[in-house]
Amino acid sequence: MAFVEKKLPADAPVVDKALNWVDSRFPLSQLWNTQWGQYYAPKNFNFWYIFGSLAMLVLVIQIVTGIFLVMHYKPDGAMAFQSVEYIMREVPWGWLVRYMHSTGASAFFIIIYLHMARALMYGSYKKPRELIWLFGFAIFLCLMAEAFFGYLLPWGQMSYWGAQVIVNLFGAIPFIGPDLSLWIRGDYVVSDATLNRFFSFHVIAIPLVLLGLVMAHLIALHEVGSNNPDGVEIKENLDANGHPVDGVPSHPYYTFHDIFGVTIFLVLFTAVVFFAPEMGGYFLESNNFIPADSLKTPLHIAPTWYFTPFYSILRATTSDFLYIVQAGVAAYVVLIYLKSSLPALIKAAIAGIGLVMIVGMMPFGLDAKFWGVVLFGSSVMILAGMPWLDQSPVKSIRYRPDWHKTVLIVFAIAFLTLGYLGVEPPSPTRNVISQVCAVVYFAFFLLMPWWSAMGTFKPVPKRVTFKPH
Amino acid sequence: MKFLNKIIATLVLLPALALAGEGYPLDHAPDRANNMAALQNGARLFVNYCLNCHSAVSMRYSRLKDLGLTDDQIRGNLLLASDKVGDLMTTRLSVKDAKAWFGSAPPDLSVIARAKASESGTGPDWLYTYLRSYYKDDTRPTGWNNMVFPNVAMPHVLWELQGVRGAEFEEVEDEQDHSKKMEFKKFTTITPGKLTAAEYDSNVADLVAYLNWMGEPEQSTRKRLGVWVLIWMSLLSVLAWRLNASYWKEVK
């Protein structure tokens, strides 16, 4: 098709002419309109819907502060720790940049967990939004990797030994384990080689992947349109102009709504940065102010708070707990056989996998450390299955049976308890509690195909519930 | 739902009820972070007593100007191991010699006040109690032992100021398994030092305040700025709130 440039009258403003020039060569106005300006979002967004925008804000904060940190940080085992102190003391405003980056990391996880909670409450992962959820899940995996690699960089005691523990977990994989750990570390123990490659992953590799995934996440969202607290599809009710009657254009309504949300977040964020950057040892751990020493193992090695729920599940998997897991696997296979409508071949395959797992968990099979790693990984991976595990005919928790709310809250309590137990040193009592919570955690997901469809559902309205401000 | 909320509230508060760390109870270090005279005294004690063995490689002598000292005052009184005011606080004691003489190298003290924080107390609390818990112990190579850090390789550097103290232990039988162990009863004075107990405690408080300052020299600036930043952010939030409300009034 021949190139066409719209002609504006000679006395048109320069800005309009410039925009016209660009629009003829690049879909700038179109992009603005489809992605934000004229993107119609449901008008009944509540508090839970701010976390997506906040996540983007914190991503930008991390990248910008990260760029300035990399100007002065030295990724060398002998210089890393001191270079961070150099940034704190001698680089003008270095201390502020450092604290923003460390607080931003923890803030990112708080925001993401709340963002995921929103999805769980309102069924935002259900058809046709499964791909948004999957991209989001991939972002979550990348975020955990990014935080893990970044945590080694200060080269403190906790950095070093935390990395040592987690990389050694890969050594538990049969056959390939030790070689895999060697490949990841670049050495027989965590060393300068490990620091250099983790620096590359943290600064370049994962941020690039993260940016790509965030773009995909947003494109997928804008393609199908946003969900809302009532789970009503607003595109099913259009006005004379073809716009959803229950929607408002994101600009200016959500531009200023999100700006307000951002300012509230910044009040909390700056309060932490300026008055409690260590957050009692949870955001900046006291043990990490000791330079890494490969000859001195700390008494208590724990990951940062945002990994502790999953870490608890790993620690809960003792050889005694394996008997419970075996019983659970057997019961689940029976449940699928009797109570599901999967094809016979799939049922047979599941039974086969179940049998392999049960045999593998026997005392003569693979040790508890390996199964701990399996459950640790599974506890994260199972999140990806939400769109298919949830068989509720209704999206939002508002129109589900009331007891579904209780199930969700019990799951949240189990998750938080696992998190709390993860920061504490292990003890026999705590071990039992974490095992109970691990069972609750997995039961929530694995039994979801059944419980999510049970009960009396309430009728979903055709229009969203909205109180004019 | 209300019952569940109560459970949630209790569980959220659980971490606050976590057991305080066992071990020797820590005293609370007096807060002298904004006392320039105390910080200068602490700097004097640090340079004279600590820098012989310990280093503070992230700290420059010239940073002491933040404590109200001039270049000349630093050069004339505090520059014992280096030549230039812009130098870092390194020590001449080599790691090899330190290991041979003490058994382990003295740790760098740049961020020691931040490293010693735990459930039992803040970093300064630990340091304050540690420097006041030495006692004479002839079974140790240095002749000194410490209640906060048992069998520490560091001798009691400040012994001339505090004097020599002993520790009294009493053999106690455990109620549950009937094993015998030594329980600390109290310190005893063997030889008085140059300072009274109160004077010594105050000097240690100054030293600990200095170590706390040295761990994060920007601490006061950070908090001072933080007040203004928070006021500004709160103002912005109110403005953003009303601006947002003005747009959403139109939405039916």
# chains A, B, ... in the order shown; residues from 1 in each chain; ligands from 1

$ interface_residues --of "chain B" --to "chain A" --cutoff "8 Å" --atoms "only C-alpha atoms" --output "NGL selection string"
:B and (8 or 11 or 15 or 57-58 or 111-112 or 114-118 or 216-218 or 222-223 or 225-226 or 229-230 or 233-234 or 236-237 or 240-241 or 243-245 or 247-249 or 251-252)

$ residues_around --residues "B:Asp72" --least-positions-apart "5" --cutoff "12 Å" --atoms "only C-alpha atoms" --output "MDAnalysis selection string"
chainID B and resid 61:62 64:65 77:79 84:85

$ write_last_selection --atoms "N, CA and C atoms" --output "compact mmCIF listing (two decimals), in the first residue's frame"
# COMPACT_ATOMS: atom_id res chain seq x y z
N TYR B 61 39.44 8.86 57.88
CA TYR B 61 39.67 9.79 58.99
C TYR B 61 38.96 11.11 58.74
N SER B 62 38.97 11.54 57.47
CA SER B 62 38.39 12.85 57.15
C SER B 62 36.89 12.89 57.44
N LEU B 64 35.56 12.15 60.06
CA LEU B 64 35.38 12.61 61.43
C LEU B 64 35.01 14.08 61.49
N LYS B 65 35.19 14.78 60.38
CA LYS B 65 34.77 16.19 60.34
C LYS B 65 33.28 16.31 60.59
N ASN B 77 45.59 14.78 66.73
CA ASN B 77 45.19 13.92 67.85
C ASN B 77 44.80 12.50 67.48
N LEU B 78 44.29 12.32 66.26
CA LEU B 78 43.70 11.02 65.96
C LEU B 78 44.41 10.24 64.86
N LEU B 79 45.42 10.87 64.26
CA LEU B 79 46.10 10.20 63.15
C LEU B 79 47.33 9.48 63.70
N LYS B 84 47.90 10.65 56.15
CA LYS B 84 47.02 11.63 55.52
C LYS B 84 45.62 11.55 56.12
N VAL B 85 45.00 12.73 56.27
CA VAL B 85 43.65 12.78 56.82
C VAL B 85 42.66 12.07 55.92

$ atom_distance --atom1 "atom CA of A:Arg400" --atom2 "atom CA of A:Phe457"
4.9 Å

$ residues_around --residues "A:Val4" --least-positions-apart "5" --cutoff "12 Å" --atoms "only C-alpha atoms" --output "ChimeraX atom specification"
/A:20-21,23-25

$ write_last_selection --atoms "N, CA and C atoms" --output "compact mmCIF listing (two decimals), in the first residue's frame"
# COMPACT_ATOMS: atom_id res chain seq x y z
N ASN A 20 1.49 14.20 13.82
CA ASN A 20 1.02 13.65 12.56
C ASN A 20 2.18 12.99 11.80
N TRP A 21 3.33 13.66 11.79
CA TRP A 21 4.53 13.13 11.11
C TRP A 21 4.91 11.77 11.71
N ASP A 23 2.97 9.75 13.62
CA ASP A 23 1.90 8.77 13.47
C ASP A 23 1.85 8.14 12.09
N SER A 24 2.33 8.90 11.08
CA SER A 24 2.36 8.32 9.74
C SER A 24 3.44 7.28 9.60
N ARG A 25 4.40 7.30 10.55
CA ARG A 25 5.55 6.40 10.42
C ARG A 25 5.64 5.39 11.55

$ select_by_dssp --residues "stretch 73-321 of chain A" --states "alpha helix (DSSP H)" --output "ChimeraX atom specification"
/A:80-89,94-122,130-152,157-170,177-185,192-200,206-224,250-275,308-316,319-321

$ residues_around --residues "B:Asp31" --least-positions-apart "2" --cutoff "8 Å" --atoms "only C-alpha atoms" --output "short mmCIF file (atom, residue, chain, number, x, y, z; two decimals) with N, CA and C atoms, in the first residue's frame"
data_model
loop_
_atom_site.label_atom_id
_atom_site.label_comp_id
_atom_site.auth_asym_id
_atom_site.auth_seq_id
_atom_site.Cartn_x
_atom_site.Cartn_y
_atom_site.Cartn_z
N ALA B 29 22.12 0.02 75.50
CA ALA B 29 23.14 1.04 75.30
C ALA B 29 22.50 2.42 75.29
N ALA B 33 23.53 9.20 70.01
CA ALA B 33 23.78 9.38 68.58
C ALA B 33 23.87 10.85 68.19
N ALA B 209 28.56 4.51 70.98
CA ALA B 209 27.85 5.50 70.16
C ALA B 209 28.68 5.84 68.94
#

$ select_by_dssp --residues "stretch 158-243 of chain B" --states "strand (DSSP E or B)" --output "PDB file with N, CA and C atoms, in the first residue's frame"
ATOM      1  N   GLY B 163      39.617  -1.689  85.352  1.00  0.00           N
ATOM      2  CA  GLY B 163      40.187  -2.455  86.450  1.00  0.00           C
ATOM      3  C   GLY B 163      40.013  -3.931  86.180  1.00  0.00           C
ATOM      4  N   VAL B 164      40.546  -4.751  87.091  1.00  0.00           N
ATOM      5  CA  VAL B 164      40.451  -6.202  86.898  1.00  0.00           C
ATOM      6  C   VAL B 164      39.284  -6.730  87.715  1.00  0.00           C
ATOM      7  N   ARG B 165      38.396  -7.473  87.059  1.00  0.00           N
ATOM      8  CA  ARG B 165      37.258  -8.072  87.760  1.00  0.00           C
ATOM      9  C   ARG B 165      37.298  -9.576  87.601  1.00  0.00           C
ATOM     10  N   GLY B 166      36.755 -10.270  88.565  1.00  0.00           N
ATOM     11  CA  GLY B 166      36.586 -11.713  88.437  1.00  0.00           C
ATOM     12  C   GLY B 166      35.102 -12.008  88.320  1.00  0.00           C
ATOM     13  N   ALA B 167      34.810 -13.266  87.999  1.00  0.00           N
ATOM     14  CA  ALA B 167      33.401 -13.659  87.913  1.00  0.00           C
ATOM     15  C   ALA B 167      33.159 -14.806  88.865  1.00  0.00           C
ATOM     16  N   GLU B 168      32.040 -14.736  89.594  1.00  0.00           N
ATOM     17  CA  GLU B 168      31.695 -15.780  90.539  1.00  0.00           C
ATOM     18  C   GLU B 168      30.655 -16.692  89.922  1.00  0.00           C
ATOM     19  N   PHE B 169      30.959 -17.977  89.943  1.00  0.00           N
ATOM     20  CA  PHE B 169      30.005 -18.950  89.410  1.00  0.00           C
ATOM     21  C   PHE B 169      29.549 -19.863  90.534  1.00  0.00           C
ATOM     22  N   GLU B 170      28.354 -20.378  90.393  1.00  0.00           N
ATOM     23  CA  GLU B 170      27.835 -21.304  91.391  1.00  0.00           C
ATOM     24  C   GLU B 170      27.396 -22.562  90.674  1.00  0.00           C
ATOM     25  N   GLU B 171      27.743 -23.692  91.277  1.00  0.00           N
ATOM     26  CA  GLU B 171      27.330 -24.950  90.645  1.00  0.00           C
ATOM     27  C   GLU B 171      25.851 -25.178  90.905  1.00  0.00           C
ATOM     28  N   VAL B 172      25.129 -25.394  89.834  1.00  0.00           N
ATOM     29  CA  VAL B 172      23.672 -25.507  89.944  1.00  0.00           C
ATOM     30  C   VAL B 172      23.232 -26.793  89.264  1.00  0.00           C
ATOM     31  N   GLU B 173      22.207 -27.442  89.877  1.00  0.00           N
ATOM     32  CA  GLU B 173      21.753 -28.683  89.279  1.00  0.00           C
ATOM     33  C   GLU B 173      20.520 -28.394  88.430  1.00  0.00           C
ATOM     34  N   LYS B 180      24.906 -31.125  86.192  1.00  0.00           N
ATOM     35  CA  LYS B 180      25.432 -29.986  86.921  1.00  0.00           C
ATOM     36  C   LYS B 180      26.014 -28.988  85.934  1.00  0.00           C
ATOM     37  N   LYS B 181      25.730 -27.709  86.138  1.00  0.00           N
ATOM     38  CA  LYS B 181      26.397 -26.713  85.309  1.00  0.00           C
ATOM     39  C   LYS B 181      26.697 -25.496  86.163  1.00  0.00           C
ATOM     40  N   MET B 182      27.639 -24.667  85.649  1.00  0.00           N
ATOM     41  CA  MET B 182      28.064 -23.472  86.376  1.00  0.00           C
ATOM     42  C   MET B 182      27.184 -22.309  85.956  1.00  0.00           C
ATOM     43  N   GLU B 183      26.579 -21.659  86.937  1.00  0.00           N
ATOM     44  CA  GLU B 183      25.722 -20.521  86.633  1.00  0.00           C
ATOM     45  C   GLU B 183      26.385 -19.260  87.137  1.00  0.00           C
ATOM     46  N   PHE B 184      26.393 -18.221  86.306  1.00  0.00           N
ATOM     47  CA  PHE B 184      27.031 -16.961  86.670  1.00  0.00           C
ATOM     48  C   PHE B 184      26.253 -16.283  87.781  1.00  0.00           C
ATOM     49  N   LYS B 185      26.983 -15.809  88.796  1.00  0.00           N
ATOM     50  CA  LYS B 185      26.307 -15.126  89.904  1.00  0.00           C
ATOM     51  C   LYS B 185      26.538 -13.626  89.822  1.00  0.00           C
ATOM     52  N   LYS B 186      27.818 -13.226  89.866  1.00  0.00           N
ATOM     53  CA  LYS B 186      28.100 -11.784  89.781  1.00  0.00           C
ATOM     54  C   LYS B 186      29.585 -11.562  89.502  1.00  0.00           C
ATOM     55  N   PHE B 187      29.908 -10.300  89.157  1.00  0.00           N
ATOM     56  CA  PHE B 187      31.303  -9.894  89.001  1.00  0.00           C
ATOM     57  C   PHE B 187      31.853  -9.479  90.359  1.00  0.00           C
ATOM     58  N   THR B 188      33.172  -9.696  90.551  1.00  0.00           N
ATOM     59  CA  THR B 188      33.823  -9.237  91.782  1.00  0.00           C
ATOM     60  C   THR B 188      34.991  -8.339  91.390  1.00  0.00           C
ATOM     61  N   THR B 189      35.287  -7.329  92.204  1.00  0.00           N
ATOM     62  CA  THR B 189      36.404  -6.423  91.887  1.00  0.00           C
ATOM     63  C   THR B 189      37.679  -6.986  92.482  1.00  0.00           C
ATOM     64  N   ILE B 190      38.708  -7.170  91.613  1.00  0.00           N
ATOM     65  CA  ILE B 190      40.004  -7.636  92.103  1.00  0.00           C
ATOM     66  C   ILE B 190      40.935  -6.436  92.270  1.00  0.00           C
ATOM     67  N   THR B 191      41.050  -5.614  91.214  1.00  0.00           N
ATOM     68  CA  THR B 191      41.835  -4.381  91.279  1.00  0.00           C
ATOM     69  C   THR B 191      41.005  -3.253  90.685  1.00  0.00           C
ATOM     70  N   PRO B 192      40.879  -2.119  91.374  1.00  0.00           N
ATOM     71  CA  PRO B 192      40.110  -1.021  90.760  1.00  0.00           C
ATOM     72  C   PRO B 192      40.884  -0.427  89.594  1.00  0.00           C
TER      73      PRO B 192
END

$ residues_around --residues "B:Gly23" --least-positions-apart "3" --cutoff "9 Å" --atoms "only C-alpha atoms" --output "MDAnalysis selection string"
chainID B and resid 26 120 148

$ write_last_selection --atoms "C-alpha atoms" --output "PDB file, in the first residue's frame"
ATOM      1  CA  LEU B  26      22.083  -7.563  77.130  1.00  0.00           C
ATOM      2  CA  SER B 120      18.400 -10.256  72.138  1.00  0.00           C
ATOM      3  CA  VAL B 148      28.700 -12.118  76.251  1.00  0.00           C
TER       4      VAL B 148
END

$ atom_distance --atom1 "atom CA of A:Ala443" --atom2 "atom CA of A:Val407"
10.5 Å

$ residues_around --residues "B:Asn151" --least-positions-apart "6" --cutoff "10 Å" --atoms "only C-alpha atoms" --output "PyMOL selection string"
chain B and resi 137+139-142+144-145

$ residues_around --residues "B:Ala38" --least-positions-apart "6" --cutoff "8 Å" --atoms "only C-alpha atoms" --output "ChimeraX atom specification"
/B:32,206-207,209-210

$ closest_residue --among "B:Met214, B:Phe102, B:His28, B:Gly86" --to "B:Ala56" --atoms "only C-alpha atoms"
B:Met214

$ atom_distance --atom1 "atom CA of A:Leu182" --atom2 "atom CA of A:Arg315"
23.2 Å

$ closest_residue --among "A:Phe415, A:Leu114, A:Lys7, A:Leu31" --to "A:Ile50" --atoms "only C-alpha atoms"
A:Leu114

$ decode --residues "stretch 151-169 of chain A" --atoms "N, CA and C atoms" --output "PDB file, in the first residue's frame"
ATOM      1  N   TYR A 151      20.868 -11.181  45.783  1.00  0.00           N
ATOM      2  CA  TYR A 151      21.201 -11.248  47.194  1.00  0.00           C
ATOM      3  C   TYR A 151      22.640 -11.667  47.425  1.00  0.00           C
ATOM      4  N   LEU A 152      23.243 -12.374  46.450  1.00  0.00           N
ATOM      5  CA  LEU A 152      24.642 -12.777  46.621  1.00  0.00           C
ATOM      6  C   LEU A 152      25.583 -11.590  46.517  1.00  0.00           C
ATOM      7  N   LEU A 153      25.148 -10.550  45.762  1.00  0.00           N
ATOM      8  CA  LEU A 153      26.064  -9.477  45.394  1.00  0.00           C
ATOM      9  C   LEU A 153      26.696  -8.713  46.566  1.00  0.00           C
ATOM     10  N   PRO A 154      25.982  -8.426  47.673  1.00  0.00           N
ATOM     11  CA  PRO A 154      26.667  -7.722  48.770  1.00  0.00           C
ATOM     12  C   PRO A 154      27.792  -8.544  49.403  1.00  0.00           C
ATOM     13  N   TRP A 155      27.787  -9.840  49.126  1.00  0.00           N
ATOM     14  CA  TRP A 155      28.868 -10.722  49.577  1.00  0.00           C
ATOM     15  C   TRP A 155      29.031 -10.683  51.096  1.00  0.00           C
ATOM     16  N   GLY A 156      27.899 -10.750  51.793  1.00  0.00           N
ATOM     17  CA  GLY A 156      27.935 -10.884  53.239  1.00  0.00           C
ATOM     18  C   GLY A 156      27.821 -12.349  53.616  1.00  0.00           C
ATOM     19  N   GLN A 157      27.823 -12.632  54.918  1.00  0.00           N
ATOM     20  CA  GLN A 157      27.733 -14.022  55.380  1.00  0.00           C
ATOM     21  C   GLN A 157      26.447 -14.689  54.902  1.00  0.00           C
ATOM     22  N   MET A 158      25.335 -13.967  55.020  1.00  0.00           N
ATOM     23  CA  MET A 158      24.050 -14.558  54.631  1.00  0.00           C
ATOM     24  C   MET A 158      23.981 -14.727  53.117  1.00  0.00           C
ATOM     25  N   SER A 159      24.534 -13.751  52.380  1.00  0.00           N
ATOM     26  CA  SER A 159      24.581 -13.847  50.914  1.00  0.00           C
ATOM     27  C   SER A 159      25.274 -15.137  50.528  1.00  0.00           C
ATOM     28  N   TYR A 160      26.485 -15.313  51.067  1.00  0.00           N
ATOM     29  CA  TYR A 160      27.319 -16.439  50.692  1.00  0.00           C
ATOM     30  C   TYR A 160      26.669 -17.762  51.066  1.00  0.00           C
ATOM     31  N   TRP A 161      26.284 -17.884  52.342  1.00  0.00           N
ATOM     32  CA  TRP A 161      25.795 -19.185  52.803  1.00  0.00           C
ATOM     33  C   TRP A 161      24.397 -19.503  52.297  1.00  0.00           C
ATOM     34  N   GLY A 162      23.571 -18.470  52.114  1.00  0.00           N
ATOM     35  CA  GLY A 162      22.254 -18.696  51.506  1.00  0.00           C
ATOM     36  C   GLY A 162      22.404 -19.260  50.105  1.00  0.00           C
ATOM     37  N   ALA A 163      23.325 -18.660  49.324  1.00  0.00           N
ATOM     38  CA  ALA A 163      23.572 -19.149  47.964  1.00  0.00           C
ATOM     39  C   ALA A 163      24.117 -20.570  48.002  1.00  0.00           C
ATOM     40  N   GLN A 164      25.013 -20.831  48.940  1.00  0.00           N
ATOM     41  CA  GLN A 164      25.602 -22.162  49.071  1.00  0.00           C
ATOM     42  C   GLN A 164      24.513 -23.211  49.298  1.00  0.00           C
ATOM     43  N   VAL A 165      23.579 -22.901  50.228  1.00  0.00           N
ATOM     44  CA  VAL A 165      22.509 -23.852  50.559  1.00  0.00           C
ATOM     45  C   VAL A 165      21.616 -24.104  49.355  1.00  0.00           C
ATOM     46  N   ILE A 166      21.177 -23.007  48.711  1.00  0.00           N
ATOM     47  CA  ILE A 166      20.215 -23.169  47.621  1.00  0.00           C
ATOM     48  C   ILE A 166      20.843 -23.867  46.419  1.00  0.00           C
ATOM     49  N   VAL A 167      22.087 -23.511  46.076  1.00  0.00           N
ATOM     50  CA  VAL A 167      22.718 -24.181  44.931  1.00  0.00           C
ATOM     51  C   VAL A 167      22.950 -25.656  45.255  1.00  0.00           C
ATOM     52  N   ASN A 168      23.249 -25.969  46.515  1.00  0.00           N
ATOM     53  CA  ASN A 168      23.431 -27.371  46.900  1.00  0.00           C
ATOM     54  C   ASN A 168      22.157 -28.180  46.764  1.00  0.00           C
ATOM     55  N   LEU A 169      20.996 -27.483  46.838  1.00  0.00           N
ATOM     56  CA  LEU A 169      19.730 -28.195  46.660  1.00  0.00           C
ATOM     57  C   LEU A 169      19.667 -28.858  45.290  1.00  0.00           C
TER      58      LEU A 169
END
